[in-house]
Structures are given as structure tokens and as C-alpha cells.
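Quick notes on the structure that follows.
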Amino acid sequence: MAEKIISPGVFTNEIDQTFLPSAIGEIGAALIGPTVKGPAGIPTVVTSYSEFQARFGDTFKSGSDYYQYFTSHTAREYLKHGSKLTVVRILDGSYGGASATISSSVDPAIVGGGNKHTASLTIAGPILSASFIGSHGSASFTPTGGSEVKFVFTGSINRSGLLTDSATLIYVDSGSGVGAAALTNAALNLKNAINISSSLHNLPISASSDVNVVGLTSSIAGNFGVYTSPTQGVTPAPVFGGSQAVGNFVEIAGHSGSMTSKSLGGGHDFNTDTFKESFKLHTLSDGEILNSVGPIGTNNVLESGSKDNLRWEIGSLNQKKGTFTLLLRRGDDSSKRKQTLETWNNLTLDENSTNYISKVIGDQVWTLNDSGGTDPYLSLAGDYPNKSKYVRVEVIEQTVDYLDENGNIRVNVASASLPLFHSGSNSGSFGGSFSGGSDGTVQHPKNFYDSITDSNSQGLILTSATEYEDAINILGNQDEYDINLVLLPGVIDNQTGGSSIITKAIDMCEDRGDCFVISDPTLYSAALTTATTEAKTRDSNYAATYWPWVQISDADLGRNRWVPPSVVVAGMYAFNDKVAHEWFAPAGLNRGTLDSVVQAERKLSHSNRDTLYDSNVNPIATFPTSGVTVWGQKTLQKKSSALDRVNVRRLLIKVKKFIASSSRFLVFEQNNASTRRRFLNIVNPFLEQVQSNSGLNAFRVVMDESNNTPDVVDRNVLYGQIFVQPTRTAEFIVLDFTVQPTGATFPE
């Protein structure tokens with residue numbers, strides 16, 4: 001408040017020009033490309049490489065070798081120095097996440113029936129001896145030969161969507177050797193064949209073996225019927241007793257055709273084999289790698305389990321209170337060494353409870369709409385935010401008002417909706433695994449690193465990968481996504497389909513006016529002229545390109561890999577901004593050295609560098625004592641001006657982004673002198689700071705009555721003008737050496 005002036009004296013006012021509103025948060029790059037796991041098509045912010053690994057994975061196996069996507073290499077390089085990265089995972093076609101259905105149970109103490117038991121079967125020595133050993137034994141077999149043993153698995157189980165009333169015929173090598181060794185080989189061969197068939201046909205069955213015993217166990221508890229042997233030579237078919245209870249049955253026969261029938265027994269229900277579905281878990285990530293369903297080995301190990309997928313477990317169940325515990329475990333753990341990722345205690349299926357499972361874990365899912373269109377967008381369905389990092393919940397059977405006012409169960413059968421729990425084996429049906437995940441359209445085998453081609457870039461066909469365009473369109477919303485750099489490792493300008501994706505990214509950055517594209521001009525082993533030709537087809541100061549490819553060390557896999565320049569240049573930009581500012585040139589020996597690079601694909605001569613730079617391609621040079629270094633900072637703009645340099649374009653991006661974000665607070669304020677002063681008090685201190693840090697030689701900001709005339713004000717416009725003189729970089733150092741005769745004087 002101004003002081004009241006009545007009598008003579010000295011009066012002072014305070015004008016605070018240090019206030020900069022917190023209008024602009026941390027800004028980082030956007031990274032678009034395939035990853036091992038993670039939500040596809042959903043921009044996701046990570047702030048460290050360890051967080052990237054947890055959400056999107058790193059190494060994976062493809063065929064017989066292990067790889068990483070360019071995306072994870074780029075994330076590692078950038079996050080060495082950057083602190084924020086917006087990642088958009090790319091999957092093509094009809095991809096999707098995995099899910100698991102948690103079945104319900106019945107408590108005998110409440111309902112009055114018997115508990116559920118898992119059915120099992122032991123195939124002991126005499127059967128193995130008769131069918132596998134002796135004159136029929138052989139070290140090899142063919143499906144039509146005379147030395148094989150036939151194993152028939154037939155049955156139906158009480159879960160819709162799984163195998164029903166069908167038969168699986170398995171030809172098993174009868175084994176070799178004599179005595180105990182022969183029996184051991186026979187049992188092992190039969191066990192392996194059963195587990196492989198179970199995985200292929202989605203059967204809820206697993207086998208184990210000992211010296212002369214094969215044990216079969218169903219992974220679903222319940223009542224399994226009694227099998228009646230079929231007529232000799234007739235294809236087996238299940239015949240049920242009692243109330244047509246469903247079951248799992250086994251037939252074993254030698255090549256002579258004699259058949260022995262066995263049924264899985266010991267399974268029991270209260271009064272029905274009909275399972276309810278309690279709730280479902282859906283992975284937040286997408287892709288086939290999320291599937292962990294399959295054979296179950298020793299110590300409850302999932303043979304399809306990995307560090308990148310999950311399994312679930314009902315840790316405890318309190319039917320008197322209607323509560324239970326859910327554990328999410330890593331897919332490659334075991335019952336002896338559990339690796340619990342998340343534990344959720346005292347969950348209920350009662351929507352009126354504060355511990356309702358959907359409220360606690362979350363049930364929201366993002367959906368991409370208008371994919372492939374001009375304006376794709378994301379919509380969010382579900383009532384409760386996702387608090388789990390791995391799954392969302394879909395409740396099928398609720399237990400609303402489970403307890404009455406006296407603390408008693410309101411309806412006895414309500415407990416039947418609670419999740420199944422069996423002590424000692426409480427990791428759920430199919431070992432608590434997930435299934436149904438899909439990668440969509442993938443080109444197999446996938447081509448990686450220096451082997452990527454037009455038609456196969458890390459398994460993607462770029463000509464049909466509309467997901468790249470969707471990702472770019474979504475990132476075009478600058479109100480939602482605060483980015484200053486766009487990275488597309490694996491998308492190459494001279495690839496069929498790659499050029500149009502890069503064009504789309506540059507157009508998006510030009511429309512936003514506040515971000516920049518790093519592009520790659522050529523595939524590996526391309527000629528220098530190919531790089532210059534690709535650069536000449538473009539004209540934009542919102543993009544820069546670099547050449548040639550470089551080799552980096554993959555510390556995770558212990559080998560060297562060839563990667564396109566954008567993978568390492570991204571990290572160099574982050575380093576430049578960390579040690580200096582965006583308006584400094586990301587090039588040269590001080591800020592452009594690529595420490596993680598082993599070697600460049602080609603050692604460029606001075607003439608090579610001249611040819612590249614003249615075509616707006618930034619050379620990656622190799623110097624004997626300084627290593628591999630970025631030796632240029634041109635944008636792809638053809639016309640010579642200040643904006644044909646990367647540091648100037650990025651200076652303007654920084655200034656525009658700050659001023660636009662800060663000025664947002666003035667929208668809908670009164671269009672008068674007070675509001676104009678507020679604007680000047682925001683912008684002038686910021687530009688003074690940029691000037692003091694060598695970003696500007698001079699500047700001037702005008703927002704007063706001279707440019708806000710009455711007609712402008714009447715149009716509801718607040719008009720400002722900002723004049724800047726960017727600091728130029730010293731790219732060419734010219735030194736004149738003059739040789740003078742003895743006695744000559746040096747010029748002053």
C-alpha cells in the first residue's frame with residue numbers, strides 16, 4: 001500500500017520484480033517407441049531410469065538371444081542427466097493386457113458342507129513297467145511307429161472357456177535303459193509330455209515325476225467324476241457317474257492297444273462344482289509378456305513366469321469378517337522364495353466398506369479413442385484411481401453389507417463370493433498366473449540394432465504403425481503434456497513409413513511451437529550421400545539430424561550394440577541443459593562429447609564434415625584424444641538465419657514456454673495498466689536472468705498504451721511485444737598468422 005502523503009518528507013515504495021510465478025514445472029523429452037511392457041499408447045512420466053525399468057522393462061529374449069529396444073537405451077542415456085521423461089509405448093494392431101480370474105469359495109463352517117479339495121492321481125511303477133518298459137522300450141519313437149506309448153488325457157472341467165469334453169492324445173517316448181534307469185526315463189518323459197500338452201491346450205493340470213511314479217494334480221479344486229473305461233479300440237469319451245459331475249481322466253496304452261484307465265480323485269465340493277467368479281485382476285501393462293499361465297514346476301514355479309510378469313496370491317481369508325489379503329508377486333518367484341511386489345490387506349467385496357477392493361487397489365482404465373483419426377484422444381473409465389502399480393480390479397461378485405449390526409454374517413451364502421483360499425497352496429488356480437495378453441501385430445523374427453529394415457524395425461512395420469501417429473497427435477496437446485524434445489529411436493528418415501512419421505512429429509512441434517525433434521536420417525551402413533539427401537528434403541528449424549550411427553556398450557547384456565545417433569544425442573542434450581542452459585550449443589568438446597559411445601560407424605574426415613554440415617546434417621566426429629563428439633548444431637532450416645542453429649531455436653522454446661505458461665495467470669483479468677505491469681514484472685526479470693546467463697545480448701518488452709490502444713482493448717486483447725537479440729555461438733574460429741622480418745614492430 002502507498003504511503004499517505006500529507007506533510008513534507010521522504011517517501012518510499014517497494015517494487016518487487018523477483019516474483020516469478022510457479023507456472024512452469026519440470027520439462028523433459030517425450031520418448032516414443034516399443035518397450036518390453038507397460039501401458040501402450042498412454043503417455044507416462046518417469047523420473048529415473050530405475051522407474052523406467054520397473055514400468056517399461058529393459059532386457060528381453062527374442063528367439064535365442066537377448067536384446068533391448070532402442071527405447072530403453074535412449075531412456076538410460078537421457079535420464080543420466082535429465083529428470084523427467086514422458087514415455088509413449090508403441091504396440092501395433094489388437095494388443096491387450098493379461099488378466100486373472102479369482103474364483104470364489106465355500107466355508108464348511110458356515111454353510112455346513114465339506115471343504116474343496118484338489119483332485120490328483122498317481123501313476124505308479126506297475127503301469128509304467130507294463131506300458132513303457134520291456135519289449136516295447138526304445139530310445140526314439142515316431143507317432144506312427146510301433147515303439148511308442150499312447151497317453152490319452154480326456155475330460156471336462158467345471159469352468160466355462162476351458163477344455164470341455166475333449167481328448168488330447170500324446171505319444172511318449174517309452175524311455176531307454178534297464179531297471180530303475182528305464183523307469184526313471186519313462187516317468188520323466190511322461191511328465192514332460194503331460195506338462196507340454198497342458199500348456200498348449202490350456203489344461204488345469206500339472207505333472208511331477210520320481211523314480212517310477214508320475215503324479216498328476218489339478219490346479220482347480222473341486223469334485224471330479226468317476227471314469228468308466230471305454231470299449232477297446234474306441235476313442236475314449238468321458239462317462240460320468242452320479243449327477244454328471246465333471247472330471248479329468250487318464251488312459252495309458254502300449255502299442256498293442258491294451259488300455260488302462262485312471263481318474264483324478266479326491267476332489268470334493270460342498271454340493272456343486274459350479275465355481276463363481278469373485279473378481280478379476282487386469283494388468284495395467286499390455287503385451288504377451290504379461291502371460292504367466294502354463295505348467296507349474298517344483299516349489300510352485302511358473303515355467304512361463306518372468307521378471308516382467310505377475311502372479312497373484314490370496315494370502316489369508318477371514319470368512320467371519322468377509323476380508324482377505326491379496327498379494328501380487330513377481331512371475332518368476334517360487335513358494336520357497338516369494339518376491340512380493342504389493343500386499344493389500346483386509347480387502348472386502350462390500351462396496352459400502354472403506355476397504356472395498358476397487359477403492360483400495362483401483363479400477364480405472366484408459367482407452368484410446370479415434371485411433372488412426374486426425375484427433376485421437378484418451379478417455380478414463382472406472383470409479384476409483386489406480387493405487388496399484390501393476391493391476392486394476394473388476395469386481396464380479398459383491399458381498400454388500402456382509403455383516404449385520406451384531407457383527408454376524410447377514411446371509412450365509414455370501415461367503416461363497418469370497419476368493420478361494422487353501423492353506424499351503426494359496427496362490428490360486430493355475431498357480432496364480434495371468435493370461436490373455438497380446439502384442440497385436442508383430443513381425444517375426446524381430447530385427448534389432450543394425451539389422452532393422454524398411455519392413456521390420458524391432459518387429460514393427462512402420463507403414464502400418466498408426467500408433468506412432470496416434471502418439472504424436474496426443475502429445476500435440478500442450479496443455480496436457482509439457483515437453484521440449486521429441487525422440488523417435490528406431491524411426492529412420494529413409495525407411496518406408498519412417499519419413500512420414502518424422503514429418504508428423506515435426507509438424508506437431510511446429511504447431512505447438514515449444515518442442516524440438518531429433519531425427520535419424522539413414523539406416524545402418526548407408527552412404528554419406530544418403531544422409532545429405534534425406535536432410536535436403538526437409539526445411540524446419542524445429543528439428544535437427546545427426547550422422548553416422550554409433551556403437552555403445554550394453555552394460556546389462558555385456559556386449560556392444562549399434563544404435564542410431566538419436567539414442568545418444570538425447571543424453572547429450574540433457575547433459576547440455578544440466579551443466580549450462582538450453583541456449584548453449586549442444587555440441588563441441590565441452591558439452592558434445594559422447595562418453596557412452598565406443599566408436600562411430602565411420603571416422604569422418606574434415607571434408608566429410610564440410611559436406612554434411614553444408615547439407616544441415618550434424619556430424620558425429622572422432623578425434624584421437626577426445627573421443628566421439630557431436631561437431632555441429634544446425635537445424636534443418638534451409639534459409640540462413642539465426643534460427644538455423646539449435647541453440648537459438650531452443651532459446652526461443654525456453655522463453656516462449658515460460659512466458660506463455662506464466663501469462664496464463666493473467667487470462668480473464670482486467671485489461672488495464674495494472675495487469676500490464678504484472679506482465680512486465682514477470683517477463684523482464686526472467687529475460688534479465690537469461691541475458692545474465694549469456695542467452696541474450698539485448699531485449700525489450702513492450703506492453704503499454706502504445707500497443708494496447710482502445711480498439712485493441714475493446715476486442716478483449718492484451719497485446720505485448722518482445723524483442724530479443726540471441727547470443728550467437730563461435731563455430732568458426734579464424735586466426736591470421738603474419739610472419740614479419742626482424743626489427744619490424746607489431747601493430748597495436
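Labels for the C-alpha cells follow display order: chains A, B, ..., residues from 1 in each chain, ligands from 1.
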Task: All helix (DSSP H, G or I) positions in range 312-550 of chain A, as JSON, numbers by chain - done: {"A": [357, 358, 359, 360, 361, 412, 413, 414, 415, 416, 417, 429, 430, 431, 432, 449, 450, 451, 466, 467, 468, 469, 470, 471, 472, 473, 474, 475, 498, 499, 500, 501, 502, 503, 504, 505, 506, 507, 508, 509, 510, 511, 512, 528, 529, 530, 531, 532, 533, 534, 535, 536]}
- [ ] Determine the nearest neighbour of Pro295 in chain A from the options A:Asn189, A:Ser433, A:Asn406, A:Ser607, counting only C-alpha atoms.
- [x]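 Among the listed residues, the smallest separation from Pro295 in chain A belongs to A:Ser433.
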Task: Among listed residues A:Met508, A:Ala587, A:Ala40, A:Leu327, nearest Leu284 in chain A (using only C-alpha atoms) - done: A:Ala40
TODO: Record the distance separating CA of Val648 in chain A and CA of Glu77 in chain A, expressed in Å with one decimal.
DONE: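 Separation of CA of Val648 in chain A and CA of Glu77 in chain A: 23.8 Å.
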Proximity of range 612-721 of chain A to range 470-493 of chain A: per-residue shortest pair, 9 Å limit, only C-alpha atoms, as a tab-separated table:
residue	atom	partner	partner_atom	distance
A:Arg650	CA	A:Asn484	CA	8.4
A:Ile653	CA	A:Asn484	CA	7.5
A:Lys654	CA	A:Asn484	CA	8.2
A:Lys657	CA	A:Asn484	CA	8.9
Task: Test item: residues at most 12 Å from range 697-707 of chain A, only C-alpha atoms, excluding those fewer than 3 positions along its chain, as an MDAnalysis selection string - done: chainID A and resid 655 659 671:694 710:713 717:729
Open item on the list: Give me the residues near Thr325 in chain A as a list in words, where near means some atom within 8 Å (using only C-alpha atoms) and where sequence neighbours in that chain fewer than 2 positions away do not count.
Closed with: Ile314, Gly315, Ser316, Leu317, Thr323, Leu327, Thr343, Trp344, Asn345, Asn346 and Leu347 of chain A
With N, CA and C atoms kept, could you save the residues just selected as a PDB file, in the first residue's frame?
ATOM      1  N   ILE A 314      -3.917 -65.241  -2.733  1.00  0.00           N
ATOM      2  CA  ILE A 314      -4.782 -64.884  -1.611  1.00  0.00           C
ATOM      3  C   ILE A 314      -4.028 -65.286  -0.353  1.00  0.00           C
ATOM      4  N   GLY A 315      -3.519 -64.278   0.370  1.00  0.00           N
ATOM      5  CA  GLY A 315      -2.633 -64.562   1.487  1.00  0.00           C
ATOM      6  C   GLY A 315      -3.353 -65.064   2.719  1.00  0.00           C
ATOM      7  N   SER A 316      -4.572 -64.614   2.943  1.00  0.00           N
ATOM      8  CA  SER A 316      -5.361 -65.072   4.087  1.00  0.00           C
ATOM      9  C   SER A 316      -6.817 -64.758   3.804  1.00  0.00           C
ATOM     10  N   LEU A 317      -7.696 -65.453   4.522  1.00  0.00           N
ATOM     11  CA  LEU A 317      -9.138 -65.281   4.317  1.00  0.00           C
ATOM     12  C   LEU A 317      -9.835 -65.357   5.669  1.00  0.00           C
ATOM     13  N   THR A 323     -13.195 -60.636   4.917  1.00  0.00           N
ATOM     14  CA  THR A 323     -11.992 -59.939   4.462  1.00  0.00           C
ATOM     15  C   THR A 323     -10.957 -60.944   3.972  1.00  0.00           C
ATOM     16  N   LEU A 327      -1.931 -60.646  -2.512  1.00  0.00           N
ATOM     17  CA  LEU A 327      -0.524 -60.391  -2.779  1.00  0.00           C
ATOM     18  C   LEU A 327      -0.290 -60.428  -4.283  1.00  0.00           C
ATOM     19  N   THR A 343       1.293 -55.820  -1.342  1.00  0.00           N
ATOM     20  CA  THR A 343       0.422 -56.543  -0.416  1.00  0.00           C
ATOM     21  C   THR A 343      -0.750 -55.644  -0.057  1.00  0.00           C
ATOM     22  N   TRP A 344      -1.954 -56.174  -0.213  1.00  0.00           N
ATOM     23  CA  TRP A 344      -3.172 -55.417   0.077  1.00  0.00           C
ATOM     24  C   TRP A 344      -3.953 -56.186   1.135  1.00  0.00           C
ATOM     25  N   ASN A 345      -4.033 -55.619   2.346  1.00  0.00           N
ATOM     26  CA  ASN A 345      -4.628 -56.310   3.490  1.00  0.00           C
ATOM     27  C   ASN A 345      -6.081 -55.900   3.729  1.00  0.00           C
ATOM     28  N   ASN A 346      -6.814 -56.813   4.372  1.00  0.00           N
ATOM     29  CA  ASN A 346      -8.183 -56.546   4.853  1.00  0.00           C
ATOM     30  C   ASN A 346      -9.108 -56.038   3.751  1.00  0.00           C
ATOM     31  N   LEU A 347      -8.971 -56.627   2.562  1.00  0.00           N
ATOM     32  CA  LEU A 347      -9.834 -56.248   1.449  1.00  0.00           C
ATOM     33  C   LEU A 347     -11.215 -56.871   1.624  1.00  0.00           C
TER      34      LEU A 347
END
Open item on the list: So, with only C-alpha atoms as the atoms that count, which of A:Leu302, A:Leu652, A:Val87, A:Leu31 lies closest to Arg55 in chain A?
Closed with: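 Using only C-alpha atoms, the shortest distance to Arg55 in chain A belongs to A:Val87.
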- [ ] Kindly give the distance, in Å, that separates CA of Arg311 in chain A and CA of Val395 in chain A, rounded to a single decimal.
- [x] 18.0 Å
- [ ] Using only C-alpha atoms, find the one residue out of A:Thr635, A:Asn708, A:Thr466, A:Pro565 that sits nearest to Arg538 in chain A.
- [x] A:Thr635
Task: Residues within 10 Å of Lys191 in chain A, only C-alpha atoms, excluding chain neighbours under 3 positions, as a count of residues only - done: 17
- [ ] Looking only at strand (DSSP E or B) from DSSP on the backbone, list the matching residues of range 390-556 of chain A as a PyMOL selection string.
- [x] chain A and resi 391-395+403+409+419+435+438+440+457+460+483-492+516-520+543-547+550-554
Requested write-out: N, CA and C atoms of the selected residues, as a CSV table (one decimal), in the first residue's frame:
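And here is the file that came out, again.csv:
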chain,number,residue,atom,x,y,z
A,391,VAL,N,-1.9,-53.6,-11.4
A,391,VAL,CA,-3.2,-54.1,-11.8
A,391,VAL,C,-4.3,-53.2,-11.5
A,392,ARG,N,-5.4,-53.4,-12.1
A,392,ARG,CA,-6.7,-52.8,-11.7
A,392,ARG,C,-7.7,-53.9,-11.5
A,393,VAL,N,-8.8,-53.6,-10.8
A,393,VAL,CA,-9.7,-54.6,-10.3
A,393,VAL,C,-11.1,-54.5,-11.1
A,394,GLU,N,-11.6,-55.7,-11.4
A,394,GLU,CA,-13.0,-55.8,-11.8
A,394,GLU,C,-13.8,-56.7,-10.9
A,395,VAL,N,-14.7,-56.2,-10.1
A,395,VAL,CA,-15.4,-57.0,-9.2
A,395,VAL,C,-16.6,-57.6,-9.9
A,403,LEU,N,-21.8,-58.1,7.0
A,403,LEU,CA,-22.1,-58.3,8.4
A,403,LEU,C,-23.4,-57.5,8.8
A,409,ILE,N,-22.7,-62.7,10.0
A,409,ILE,CA,-22.8,-62.7,8.5
A,409,ILE,C,-24.3,-62.6,8.2
A,419,PRO,N,-12.9,-64.9,-2.2
A,419,PRO,CA,-12.0,-65.7,-3.1
A,419,PRO,C,-11.5,-67.0,-2.4
A,435,SER,N,-3.2,-64.5,-17.9
A,435,SER,CA,-3.2,-64.9,-19.3
A,435,SER,C,-4.0,-63.9,-20.2
A,438,SER,N,-1.6,-59.8,-25.3
A,438,SER,CA,-1.3,-59.9,-26.7
A,438,SER,C,-0.5,-58.7,-27.2
A,440,GLY,N,-0.4,-57.9,-30.3
A,440,GLY,CA,-1.0,-57.4,-31.6
A,440,GLY,C,-0.2,-57.8,-32.8
A,457,SER,N,11.3,-53.0,-38.2
A,457,SER,CA,12.0,-52.2,-37.2
A,457,SER,C,11.7,-52.6,-35.8
A,460,LEU,N,8.2,-54.0,-35.7
A,460,LEU,CA,7.1,-53.1,-36.2
A,460,LEU,C,7.3,-52.9,-37.7
A,483,ILE,N,6.5,-30.8,-22.8
A,483,ILE,CA,7.7,-31.4,-23.3
A,483,ILE,C,8.5,-30.4,-24.1
A,484,ASN,N,9.8,-30.6,-24.3
A,484,ASN,CA,10.6,-29.7,-25.1
A,484,ASN,C,11.4,-30.4,-26.1
A,485,LEU,N,11.3,-31.8,-26.2
A,485,LEU,CA,12.1,-32.6,-27.1
A,485,LEU,C,11.3,-33.8,-27.5
A,486,VAL,N,11.4,-34.3,-28.7
A,486,VAL,CA,10.7,-35.5,-29.2
A,486,VAL,C,11.7,-36.4,-29.7
A,487,LEU,N,11.7,-37.7,-29.2
A,487,LEU,CA,12.7,-38.7,-29.6
A,487,LEU,C,11.9,-39.9,-30.2
A,488,LEU,N,12.4,-40.4,-31.4
A,488,LEU,CA,11.8,-41.5,-32.1
A,488,LEU,C,12.8,-42.5,-32.5
A,489,PRO,N,13.6,-43.1,-31.6
A,489,PRO,CA,14.6,-44.0,-31.9
A,489,PRO,C,14.0,-45.3,-32.6
A,490,GLY,N,14.6,-45.6,-33.7
A,490,GLY,CA,14.1,-46.8,-34.5
A,490,GLY,C,13.2,-46.3,-35.7
A,491,VAL,N,12.9,-45.0,-35.7
A,491,VAL,CA,12.1,-44.5,-36.9
A,491,VAL,C,13.2,-43.7,-37.7
A,492,ILE,N,13.5,-44.1,-38.9
A,492,ILE,CA,14.5,-43.6,-39.7
A,492,ILE,C,14.0,-42.9,-40.9
A,516,PHE,N,11.1,-29.8,-29.9
A,516,PHE,CA,12.1,-29.9,-30.9
A,516,PHE,C,12.3,-31.4,-31.2
A,517,VAL,N,12.5,-31.8,-32.5
A,517,VAL,CA,12.7,-33.2,-32.9
A,517,VAL,C,14.1,-33.5,-33.2
A,518,ILE,N,14.6,-34.6,-32.6
A,518,ILE,CA,15.9,-35.2,-33.0
A,518,ILE,C,15.6,-36.4,-33.9
A,519,SER,N,16.0,-36.3,-35.2
A,519,SER,CA,15.7,-37.4,-36.1
A,519,SER,C,17.0,-38.1,-36.6
A,520,ASP,N,16.8,-39.3,-37.1
A,520,ASP,CA,17.9,-40.0,-37.7
A,520,ASP,C,17.7,-40.2,-39.2
A,543,ALA,N,13.7,-29.1,-35.9
A,543,ALA,CA,14.3,-30.4,-36.0
A,543,ALA,C,15.8,-30.3,-36.3
A,544,ALA,N,16.5,-31.3,-35.9
A,544,ALA,CA,17.9,-31.5,-36.3
A,544,ALA,C,18.2,-33.0,-36.5
A,545,THR,N,19.2,-33.2,-37.3
A,545,THR,CA,19.5,-34.6,-37.6
A,545,THR,C,21.1,-34.8,-37.5
A,546,TYR,N,21.5,-36.0,-37.2
A,546,TYR,CA,22.9,-36.4,-36.9
A,546,TYR,C,23.3,-37.6,-37.7
A,547,TRP,N,24.6,-37.8,-37.9
A,547,TRP,CA,25.1,-38.9,-38.7
A,547,TRP,C,26.6,-39.0,-38.4
A,550,VAL,N,26.4,-45.0,-34.2
A,550,VAL,CA,27.4,-45.2,-33.2
A,550,VAL,C,27.2,-46.6,-32.5
A,551,GLN,N,28.3,-47.0,-31.9
A,551,GLN,CA,28.3,-48.3,-31.1
A,551,GLN,C,28.4,-47.9,-29.7
A,552,ILE,N,27.5,-48.5,-28.9
A,552,ILE,CA,27.5,-48.3,-27.4
A,552,ILE,C,27.7,-49.6,-26.7
A,553,SER,N,28.1,-49.5,-25.5
A,553,SER,CA,28.2,-50.7,-24.6
A,553,SER,C,26.9,-51.0,-23.9
A,554,ASP,N,26.3,-52.2,-24.1
A,554,ASP,CA,25.1,-52.6,-23.3
A,554,ASP,C,25.6,-53.2,-22.0
TODO: For Leu281 in chain A, list every protein, DNA or RNA residue within 12 Å, evaluated using only C-alpha atoms, and leave out those in the same chain fewer than 5 positions away; present the list as a PyMOL selection string.
DONE: chain A and resi 97-103+310-313+326-328+357-358+361-364+388+390-396+432-436
Task: Selected residue, from A:Val293, A:Ala621, A:Ile27, A:Val628, that lies nearest to Ser198 in chain A when counting only C-alpha atoms - done: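 Going through A:Val293, A:Ala621, A:Ile27, A:Val628 one by one, the smallest distance to Ser198 in chain A is for A:Val293.
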Task: Among the residues A:Ser94, A:Ser596, A:Gln458, A:Ser199, the one that comes closest to Pro34 in chain A [using only C-alpha atoms] - done: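 Closest to Pro34 in chain A of all the choices is A:Gln458.
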- [ ] Using CA of Asn494 in chain A and CA of Glu534 in chain A as the two end points, give the distance in Å to one decimal.
- [x]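 Taking CA of Asn494 in chain A as the start and CA of Glu534 in chain A as the end point, the length is 6.8 Å.
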With only C-alpha atoms as the counted atoms, please give the residues lying no more than 9 Å from Thr496 in chain A, apart from itself and same-chain residues fewer than 5 positions off, as an mmCIF file with N, CA and C atoms, in the first residue's frame.
data_model
loop_
_atom_site.group_PDB
_atom_site.id
_atom_site.type_symbol
_atom_site.label_atom_id
_atom_site.label_comp_id
_atom_site.auth_asym_id
_atom_site.auth_seq_id
_atom_site.Cartn_x
_atom_site.Cartn_y
_atom_site.Cartn_z
ATOM 1 N N THR A 453 15.156 -52.905 -40.781
ATOM 2 C CA THR A 453 14.941 -52.677 -42.206
ATOM 3 C C THR A 453 13.690 -51.837 -42.425
ATOM 4 N N ASP A 454 13.364 -51.635 -43.702
ATOM 5 C CA ASP A 454 12.124 -50.953 -44.052
ATOM 6 C C ASP A 454 10.912 -51.661 -43.471
ATOM 7 N N SER A 455 10.903 -52.986 -43.586
ATOM 8 C CA SER A 455 9.706 -53.759 -43.246
ATOM 9 C C SER A 455 9.735 -54.354 -41.849
ATOM 10 N N LEU A 462 6.500 -50.048 -40.063
ATOM 11 C CA LEU A 462 6.208 -48.629 -39.882
ATOM 12 C C LEU A 462 5.143 -48.118 -40.843
ATOM 13 N N THR A 463 4.996 -48.765 -41.988
ATOM 14 C CA THR A 463 3.987 -48.298 -42.940
ATOM 15 C C THR A 463 2.571 -48.489 -42.420
#
